[in-house]
Structures are given as structure tokens and as C-alpha cells.
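Shown next: target-v9.txt, containing compact mmCIF, C-alpha atoms and all ligand atoms.
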```txt
# COMPACT_ATOMS: atom_id res chain seq x y z
CA MET I 28 -23.59 -34.48 -15.56
CA ALA I 29 -21.93 -31.42 -14.02
CA SER I 30 -24.23 -29.58 -11.63
CA LYS I 31 -24.88 -25.86 -11.81
CA LYS I 32 -25.59 -24.95 -8.23
CA ALA I 33 -24.65 -21.82 -6.35
CA LEU I 34 -24.54 -21.41 -2.58
CA ILE I 35 -25.88 -18.11 -1.29
CA ARG I 36 -26.57 -16.92 2.24
CA ARG I 37 -29.23 -14.39 3.21
CA PRO I 38 -27.91 -11.34 5.10
CA GLY I 39 -28.75 -11.26 8.78
CA PRO I 40 -30.02 -8.38 10.93
CA ARG I 41 -26.48 -7.42 12.03
CA LEU I 42 -25.16 -6.94 8.49
CA ALA I 43 -24.33 -3.27 9.11
CA GLU I 44 -21.77 -4.35 11.75
CA GLY I 45 -19.71 -6.23 9.17
CA LEU I 46 -15.94 -5.77 9.17
CA VAL I 47 -14.27 -2.95 7.30
CA THR I 48 -10.50 -2.92 6.84
CA HIS I 49 -9.51 -0.78 3.86
CA LEU I 50 -12.57 1.51 3.76
CA GLU I 51 -14.04 4.02 6.15
CA ARG I 52 -17.26 2.75 7.67
CA THR I 53 -20.40 4.24 6.10
CA PRO I 54 -23.94 3.34 7.13
CA VAL I 55 -25.44 0.27 5.47
CA ASP I 56 -29.12 0.32 4.53
CA VAL I 57 -30.08 -3.21 5.56
CA PRO I 58 -33.49 -3.38 3.82
CA LEU I 59 -31.83 -2.14 0.61
CA ALA I 60 -29.08 -4.73 1.08
CA ILE I 61 -31.68 -7.47 1.36
CA ALA I 62 -33.38 -6.26 -1.82
CA GLN I 63 -30.00 -6.21 -3.61
CA TRP I 64 -29.21 -9.71 -2.34
CA GLU I 65 -32.58 -10.96 -3.62
CA ALA I 66 -31.91 -9.42 -7.02
CA TYR I 67 -28.45 -11.02 -7.06
CA GLY I 68 -29.96 -14.48 -6.41
CA HIS I 69 -32.63 -13.85 -9.01
CA THR I 70 -29.96 -12.98 -11.57
CA LEU I 71 -28.07 -16.23 -10.89
CA ARG I 72 -31.28 -18.22 -11.33
CA ALA I 73 -32.21 -16.30 -14.49
CA HIS I 74 -28.89 -17.46 -15.95
CA GLY I 75 -29.45 -21.12 -15.20
CA TRP I 76 -28.00 -21.52 -11.72
CA GLU I 77 -29.91 -23.34 -9.01
CA THR I 78 -29.35 -21.35 -5.82
CA VAL I 79 -28.97 -23.27 -2.57
CA GLU I 80 -29.41 -21.21 0.59
CA VAL I 81 -27.06 -21.91 3.48
CA ASP I 82 -28.81 -21.47 6.83
CA ARG I 83 -28.64 -17.88 8.02
CA ALA I 84 -26.16 -16.99 10.77
CA ASP I 85 -27.85 -14.08 12.48
CA ASP I 86 -25.00 -13.49 14.93
CA CYS I 87 -22.42 -13.22 12.15
CA PRO I 88 -22.63 -9.87 10.36
CA ASP I 89 -20.40 -11.00 7.47
CA ALA I 90 -22.04 -14.40 6.84
CA VAL I 91 -23.62 -13.17 3.58
CA PHE I 92 -20.09 -13.23 2.07
CA VAL I 93 -20.41 -16.99 1.76
CA GLU I 94 -17.48 -17.39 -0.62
CA ASP I 95 -15.07 -16.92 2.26
CA SER I 96 -16.18 -20.09 4.10
CA VAL I 97 -15.18 -22.73 1.57
CA VAL I 98 -12.95 -23.57 -1.39
CA MET I 99 -14.23 -26.19 -3.84
CA PHE I 100 -12.03 -28.24 -6.11
CA ARG I 101 -13.67 -31.05 -8.04
CA ASN I 102 -15.91 -32.84 -5.53
CA VAL I 103 -13.90 -31.75 -2.49
CA ALA I 104 -14.71 -28.87 -0.17
CA LEU I 105 -11.97 -27.32 1.93
CA ILE I 106 -13.73 -25.56 4.79
CA ALA I 107 -11.94 -22.29 5.50
CA ARG I 108 -10.64 -21.06 8.83
CA PRO I 109 -11.28 -17.33 8.40
CA GLY I 110 -8.47 -14.96 9.25
CA ALA I 111 -10.91 -12.75 11.17
CA GLY I 112 -11.90 -14.50 14.41
CA SER I 113 -15.41 -13.02 14.29
CA ARG I 114 -16.04 -14.91 11.05
CA ARG I 115 -15.07 -18.40 12.25
CA PRO I 116 -18.58 -19.40 13.42
CA GLU I 117 -19.79 -18.90 9.82
CA THR I 118 -18.25 -22.09 8.50
CA ALA I 119 -20.27 -24.79 10.34
CA ALA I 120 -23.48 -24.33 8.34
CA VAL I 121 -21.54 -24.05 5.08
CA GLU I 122 -19.88 -27.37 5.86
CA GLN I 123 -23.31 -28.92 6.44
CA ALA I 124 -24.60 -27.48 3.18
CA VAL I 125 -21.75 -28.75 1.00
CA ALA I 126 -21.74 -32.15 2.71
CA GLY I 127 -25.49 -32.32 2.10
CA LEU I 128 -24.85 -31.70 -1.60
CA GLY I 129 -22.46 -34.67 -1.74
CA ALA I 130 -19.04 -33.00 -1.44
CA SER I 131 -16.20 -34.63 0.48
CA VAL I 132 -15.13 -32.34 3.28
CA ASN I 133 -11.71 -31.33 4.52
CA ARG I 134 -10.92 -28.45 6.91
CA VAL I 135 -8.21 -25.85 7.36
CA ARG I 136 -6.85 -26.35 10.88
CA GLU I 137 -5.05 -24.16 13.42
CA PRO I 138 -2.57 -22.48 13.02
CA GLY I 139 -3.70 -22.13 9.42
CA THR I 140 -6.02 -19.34 8.37
CA LEU I 141 -7.54 -19.13 4.92
CA ASP I 142 -10.49 -17.19 3.49
CA GLY I 143 -12.19 -18.52 0.37
CA GLY I 144 -11.96 -15.04 -1.15
CA ASP I 145 -8.21 -15.55 -1.36
CA VAL I 146 -8.49 -18.44 -3.80
CA LEU I 147 -8.90 -17.82 -7.52
CA LYS I 148 -9.44 -20.96 -9.56
CA ILE I 149 -8.51 -20.98 -13.26
CA GLY I 150 -8.83 -24.48 -14.64
CA ASP I 151 -6.67 -26.67 -12.43
CA THR I 152 -4.61 -23.76 -11.13
CA LEU I 153 -5.46 -22.31 -7.74
CA TYR I 154 -3.95 -18.89 -7.12
CA VAL I 155 -3.95 -18.23 -3.38
CA GLY I 156 -3.47 -14.81 -1.87
CA ARG I 157 -1.12 -14.61 1.09
CA GLY I 158 -2.34 -11.48 2.80
CA GLY I 159 -4.25 -10.15 5.77
CA ARG I 160 -6.63 -13.10 6.05
CA THR I 161 -4.69 -16.11 4.72
CA ASN I 162 -1.41 -17.08 6.36
CA ALA I 163 1.47 -19.30 5.24
CA ALA I 164 0.08 -22.33 7.08
CA GLY I 165 -3.24 -21.81 5.31
CA VAL I 166 -1.49 -21.74 1.94
CA ALA I 167 0.39 -24.92 2.82
CA GLN I 168 -2.83 -26.66 3.86
CA LEU I 169 -4.51 -25.65 0.61
CA ARG I 170 -1.61 -27.24 -1.26
CA ALA I 171 -1.78 -30.39 0.83
CA ALA I 172 -5.54 -30.68 0.28
CA PHE I 173 -5.66 -30.13 -3.46
CA GLU I 174 -2.30 -30.91 -5.08
CA PRO I 175 -2.90 -34.66 -4.68
CA LEU I 176 -6.11 -34.13 -6.68
CA GLY I 177 -4.20 -32.54 -9.56
CA ALA I 178 -4.33 -28.86 -8.65
CA ARG I 179 -1.39 -26.54 -9.16
CA VAL I 180 -1.26 -24.05 -6.28
CA VAL I 181 0.39 -20.69 -6.93
CA ALA I 182 0.89 -18.39 -3.93
CA VAL I 183 0.43 -14.66 -4.60
CA PRO I 184 1.43 -11.89 -2.17
CA VAL I 185 -1.51 -9.55 -1.45
CA SER I 186 -0.68 -6.32 0.33
CA SER I 187 -3.20 -3.73 -0.85
CA ALA I 188 -6.51 -5.58 -0.98
CA LEU I 189 -8.64 -7.48 1.51
CA HIS I 190 -8.48 -10.72 -0.49
CA LEU I 191 -6.81 -11.89 -3.69
CA LYS I 192 -10.24 -11.84 -5.37
CA SER I 193 -10.81 -8.27 -4.21
CA ALA I 194 -7.90 -7.47 -6.53
CA VAL I 195 -8.26 -9.92 -9.42
CA THR I 196 -10.59 -12.45 -11.01
CA ALA I 197 -10.47 -14.18 -14.39
CA LEU I 198 -12.36 -14.07 -17.67
CA PRO I 199 -13.67 -17.29 -19.22
CA ASP I 200 -10.48 -17.62 -21.31
CA GLY I 201 -8.33 -17.47 -18.18
CA THR I 202 -7.11 -13.88 -18.63
CA VAL I 203 -6.71 -12.34 -15.19
CA ILE I 204 -8.26 -8.89 -14.78
CA GLY I 205 -7.50 -6.38 -12.07
CA HIS I 206 -7.04 -2.75 -11.18
CA PRO I 207 -3.28 -2.11 -11.24
CA SER I 208 -3.33 -0.20 -7.92
CA LEU I 209 -4.33 -3.37 -6.06
CA VAL I 210 -2.22 -6.01 -7.80
CA ASP I 211 1.26 -6.54 -6.34
CA THR I 212 2.71 -8.83 -9.01
CA PRO I 213 0.73 -9.01 -12.26
CA SER I 214 3.57 -11.02 -13.82
CA LEU I 215 2.57 -14.02 -11.66
CA PHE I 216 -0.43 -14.50 -13.92
CA GLY I 217 -0.13 -15.86 -17.44
CA ARG I 218 -2.14 -13.02 -19.03
CA PHE I 219 -3.14 -9.85 -17.19
CA LEU I 220 -5.60 -7.22 -18.41
CA PRO I 221 -5.90 -3.97 -16.43
CA VAL I 222 -9.43 -2.62 -15.87
CA PRO I 223 -10.26 1.01 -15.09
CA GLU I 224 -12.19 0.53 -11.83
CA GLU I 225 -11.37 -1.43 -8.68
CA SER I 226 -14.78 -3.09 -8.66
CA GLY I 227 -14.36 -3.80 -12.38
CA ALA I 228 -11.90 -6.51 -11.38
CA HIS I 229 -14.71 -8.73 -10.12
CA VAL I 230 -16.54 -11.03 -12.49
CA VAL I 231 -18.66 -14.09 -11.79
CA LEU I 232 -18.75 -16.37 -14.82
CA LEU I 233 -22.41 -17.04 -15.50
CA GLY I 234 -21.77 -19.30 -18.49
CA GLY I 235 -20.81 -18.62 -22.09
CA ASP I 236 -19.78 -14.99 -22.52
CA ARG I 237 -21.94 -13.69 -19.67
CA LEU I 238 -20.17 -11.96 -16.79
CA LEU I 239 -21.92 -10.89 -13.61
CA MET I 240 -20.44 -7.56 -12.56
CA ALA I 241 -21.15 -4.71 -10.15
CA ALA I 242 -23.08 -1.72 -11.45
CA SER I 243 -20.34 0.44 -9.90
CA ALA I 244 -17.95 -0.57 -12.69
CA PRO I 245 -19.55 0.77 -15.89
CA LYS I 246 -16.27 1.57 -17.66
CA SER I 247 -14.87 -1.89 -17.02
CA ALA I 248 -18.15 -3.40 -18.21
CA GLU I 249 -17.83 -1.33 -21.39
CA LEU I 250 -14.25 -2.53 -21.88
CA LEU I 251 -15.30 -6.17 -21.50
CA ALA I 252 -18.35 -5.72 -23.75
CA ASP I 253 -15.98 -4.33 -26.36
CA LEU I 254 -14.01 -7.58 -26.09
CA GLY I 255 -17.12 -9.59 -26.96
CA TYR I 256 -18.37 -10.40 -23.46
CA ALA I 257 -21.88 -9.80 -22.17
CA PRO I 258 -21.75 -8.04 -18.79
CA VAL I 259 -24.81 -8.47 -16.57
CA LEU I 260 -24.79 -5.69 -13.99
CA VAL I 261 -26.19 -5.87 -10.47
CA ASP I 262 -26.25 -3.11 -7.87
CA ILE I 263 -24.50 -4.30 -4.70
CA SER I 264 -23.76 -0.87 -3.21
CA GLU I 265 -24.65 -1.90 0.36
CA PHE I 266 -22.24 -4.86 0.25
CA GLU I 267 -19.50 -2.74 -1.29
CA LYS I 268 -19.65 -0.53 1.82
CA LEU I 269 -18.46 -3.64 3.70
CA GLU I 270 -15.76 -4.47 1.13
CA GLY I 271 -17.89 -7.15 -0.51
CA CYS I 272 -18.04 -7.76 -4.23
CA VAL I 273 -20.09 -9.83 -6.67
CA THR I 274 -17.81 -12.84 -6.28
CA CYS I 275 -18.06 -13.15 -2.51
CA LEU I 276 -21.86 -13.38 -2.42
CA SER I 277 -21.95 -16.92 -3.87
CA VAL I 278 -20.00 -20.12 -4.34
CA ARG I 279 -20.58 -21.87 -7.62
CA LEU I 280 -20.46 -25.66 -7.46
CA ARG I 281 -19.87 -27.15 -10.86
CA ASN I 282 -18.38 -30.55 -10.26
CA LEU I 283 -20.55 -32.27 -7.71
CA HIS I 284 -21.50 -35.81 -8.57
CA GLY I 285 -25.04 -37.01 -8.16
N1 LIG J 1 -14.33 -12.53 -0.56
C1 LIG J 1 -14.56 -11.29 -0.18
O1 LIG J 1 -14.06 -10.34 -0.76
N2 LIG J 1 -15.31 -11.12 0.92
C2 LIG J 1 -15.68 -9.86 1.44
C3 LIG J 1 -15.73 -9.90 2.92
C4 LIG J 1 -16.09 -8.60 3.51
C5 LIG J 1 -16.20 -8.63 5.02
N3 LIG J 1 -16.71 -7.38 5.50
C6 LIG J 1 -14.87 -8.93 5.66
O2 LIG J 1 -14.14 -7.99 5.94
O3 LIG J 1 -14.56 -10.08 5.89
```

Could I get this structure in the form of C-alpha cells?
Ligand SMILES: NC(=O)NCCC[C@H](N)C(=O)O
Amino acid sequence: MASKKALIRRPGPRLAEGLVTHLERTPVDVPLAIAQWEAYGHTLRAHGWETVEVDRADDCPDAVFVEDSVVMFRNVALIARPGAGSRRPETAAVEQAVAGLGASVNRVREPGTLDGGDVLKIGDTLYVGRGGRTNAAGVAQLRAAFEPLGARVVAVPVSSALHLKSAVTALPDGTVIGHPSLVDTPSLFGRFLPVPEESGAHVVLLGGDRLLMAASAPKSAELLADLGYAPVLVDISEFEKLEGCVTCLSVRLRNLHG
């Protein structure tokens, strides 16, 4: 039976030093961030997901953004090689965690760089953002790892957002949603629906019609509710100050055997 597990990673004491690229740095309230992270995990569990905590990485301010360390396809984990050098030590414990859950493990190797946040999976199609964090060699290694398993890899230029999934994610029916200001080439996606807020582009599929979304995107939530979805809002303000979003705080593992 398909598993419903989600990797999460508790923020460390240096969270406030996390990288910022497209935003001006504003102070992060670490105790509030921890409370928001706990509420996020609670929400996943309340919707039927078993959360699995990756060991904390106290020296890595951005480790809480666990999505960036790994890409899962079927039972195979491709361990990322983050584009930001400061984030590379994050991957070792994620590799241990996914191997411990029974995944086969492959790694992105030098000169490739790839962040998990650049990979949007819709069925067997993997859209991969070629941008500030993922380079051409990383895209090629993603293809080499997953095309033999039946994936179709579609490369997408990303020039205005940190990661592809900072710009777009997908609804349960595969419609890609995004804020037009951040999406270079909407025509690359089969169906594209614009949303009114940048953070409204981020949905985590909780199951059925339920969509985990940031509380900072009320108009987008309203739009999606009007299309028959059930948005579940969480406040992640402290992670948004570090360019994080609801998607990057977890990795859902749906196809592990055993
Ligand atoms: N997948 C994501 O969008 N991850 C957010 C990472 C934010 C972190 N401060 C970074 O710049 O790497």
C-alpha cells in the first residue's frame, strides 16, 4: 500500500541567518518560527500524514527547508547538490532518513547543482527549473536519474524567482498555478491558472480537495475555494521572510514500498 509519510526538519537556532536573495532581510522571530513549524507539522498529521523528522542541522540556518535536499520519484531518492554552498551540508541527514525509510538513493554530483525546490512533479512529468540554484548539469543529471524510470523531464527557465516552486505549483488535477509576475513561460505548462498573490502559487496537496496554503494568500485561497477546493491555511510568516513557502517545509513520500 502507498505510504503517506512526510519528512520535516525542525528549525535550528541559526534560522534567522538563512539566505535571502530576492527579498530584503527582515528580522526573524525564532520562537514564533518554531511555533509556526509545530503548527505546520500538526496540520500535516491532522490530515493523515505521518511526519518523519530528519535530524536537526544546527549549523545550517536553512535546513528547515527540507524540500530542497531531495527529489523523490517512485521509490528512488535523488539527493540534491544545493546551488548555495552553505546548504550542501544539509543533505547528509536527509539521505540517511530516506534510506532508512527504504528508498533507493542516487546523488547529484559535481559540477551539477540542483535544489529540490526546483522540481515540480505532476504525475510522471517532472518540471525542473533552470535558475539561480539549479544548473544545466543538474537538469541533465535529473533526466539521467529518472527518465529510465518512466519520468518525462521538462526544463523550465526561471529568472524571477528563487526556485521553480517559488513561482508555480499544481492543483490535484494537474493545473499549474502561479503569479504571472514570476512565471517566465506559462505556455510550457499544459494548463496555467494565474493567482492574485505570489504566495498563493504554493499549494501542498493534502489529499482529496484539501490544499495546504499560506495565510498570506487569502485572495488566492478564496479563488481556489470558489473552484471547489478546500484550502487549509497556515501562518508561516517567519519562513516567508527567508523566502520559504509551504511547499519547502516538507517532502511528501507517497510511493515507498514496505
Ligand atoms: N524550496 C524553497 O523554496 N526553499 C526555500 C529556501 C529558502 C532559503 N532561505 C534559501 O534561500 O535557500

With a distance cut-off of 8 Å and only C-alpha atoms, select the neighbouring residues of segment 57-68 of chain I, excluding the residue or stretch itself and same-chain residues fewer than 4 positions from it, and output the selection as a compact mmCIF listing (two decimals) with C-alpha atoms, keeping the file's coordinate frame.
```txt
# COMPACT_ATOMS: atom_id res chain seq x y z
CA ILE I 35 -25.88 -18.11 -1.29
CA ARG I 37 -29.23 -14.39 3.21
CA PRO I 38 -27.91 -11.34 5.10
CA PRO I 40 -30.02 -8.38 10.93
CA LEU I 42 -25.16 -6.94 8.49
CA ALA I 43 -24.33 -3.27 9.11
CA ARG I 72 -31.28 -18.22 -11.33
CA THR I 78 -29.35 -21.35 -5.82
CA VAL I 261 -26.19 -5.87 -10.47
CA ASP I 262 -26.25 -3.11 -7.87
CA ILE I 263 -24.50 -4.30 -4.70
CA SER I 264 -23.76 -0.87 -3.21
CA GLU I 265 -24.65 -1.90 0.36
CA PHE I 266 -22.24 -4.86 0.25
```

Taking all atoms listed in the file into account, which residues have an atom no farther than 8 Å from ligand LIG 1 (chain J)? I'd like them as a PyMOL selection string.
chain I and resi 45-48+89+92-95+111+114+142-145+189-193+266+269-272+274-276

Quick check, in Å to one decimal: how far apart do atom CA of Ser113 of chain I and atom CA of Val125 of chain I lie?
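Going from atom CA of Ser113 of chain I over to atom CA of Val125 of chain I, I get 21.5 Å.
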
Taking into account all atoms listed in the file, which residue in the set I:Gly201, I:Gly112, I:Gly39, I:Pro213 is nearest to Leu147 of chain I?
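Between I:Gly201, I:Gly112, I:Gly39, I:Pro213, the residue approaching Leu147 of chain I most closely is I:Gly201.
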
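For the choices I:Lys268, I:Asp86, I:Pro138, I:Leu176, the atom-to-atom distance to Asn102 of chain I is smallest for I:Leu176 when using all atoms listed in the file.
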
Distance of atom CA of Arg41 of chain I from atom CA of His69 of chain I, expressed in Å to one decimal place
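Answer for the atom CA of His69 of chain I to atom CA of Arg41 of chain I separation: 22.8 Å.
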
Find the residues near segment 247-255 of chain I: any atom within 12 Å, counting all atoms listed in the file, skip ones fewer than 4 places away on the same chain, and give them as number ranges by chain.
I: 197-200, 202, 204-206, 220-230, 235-243, 259-261
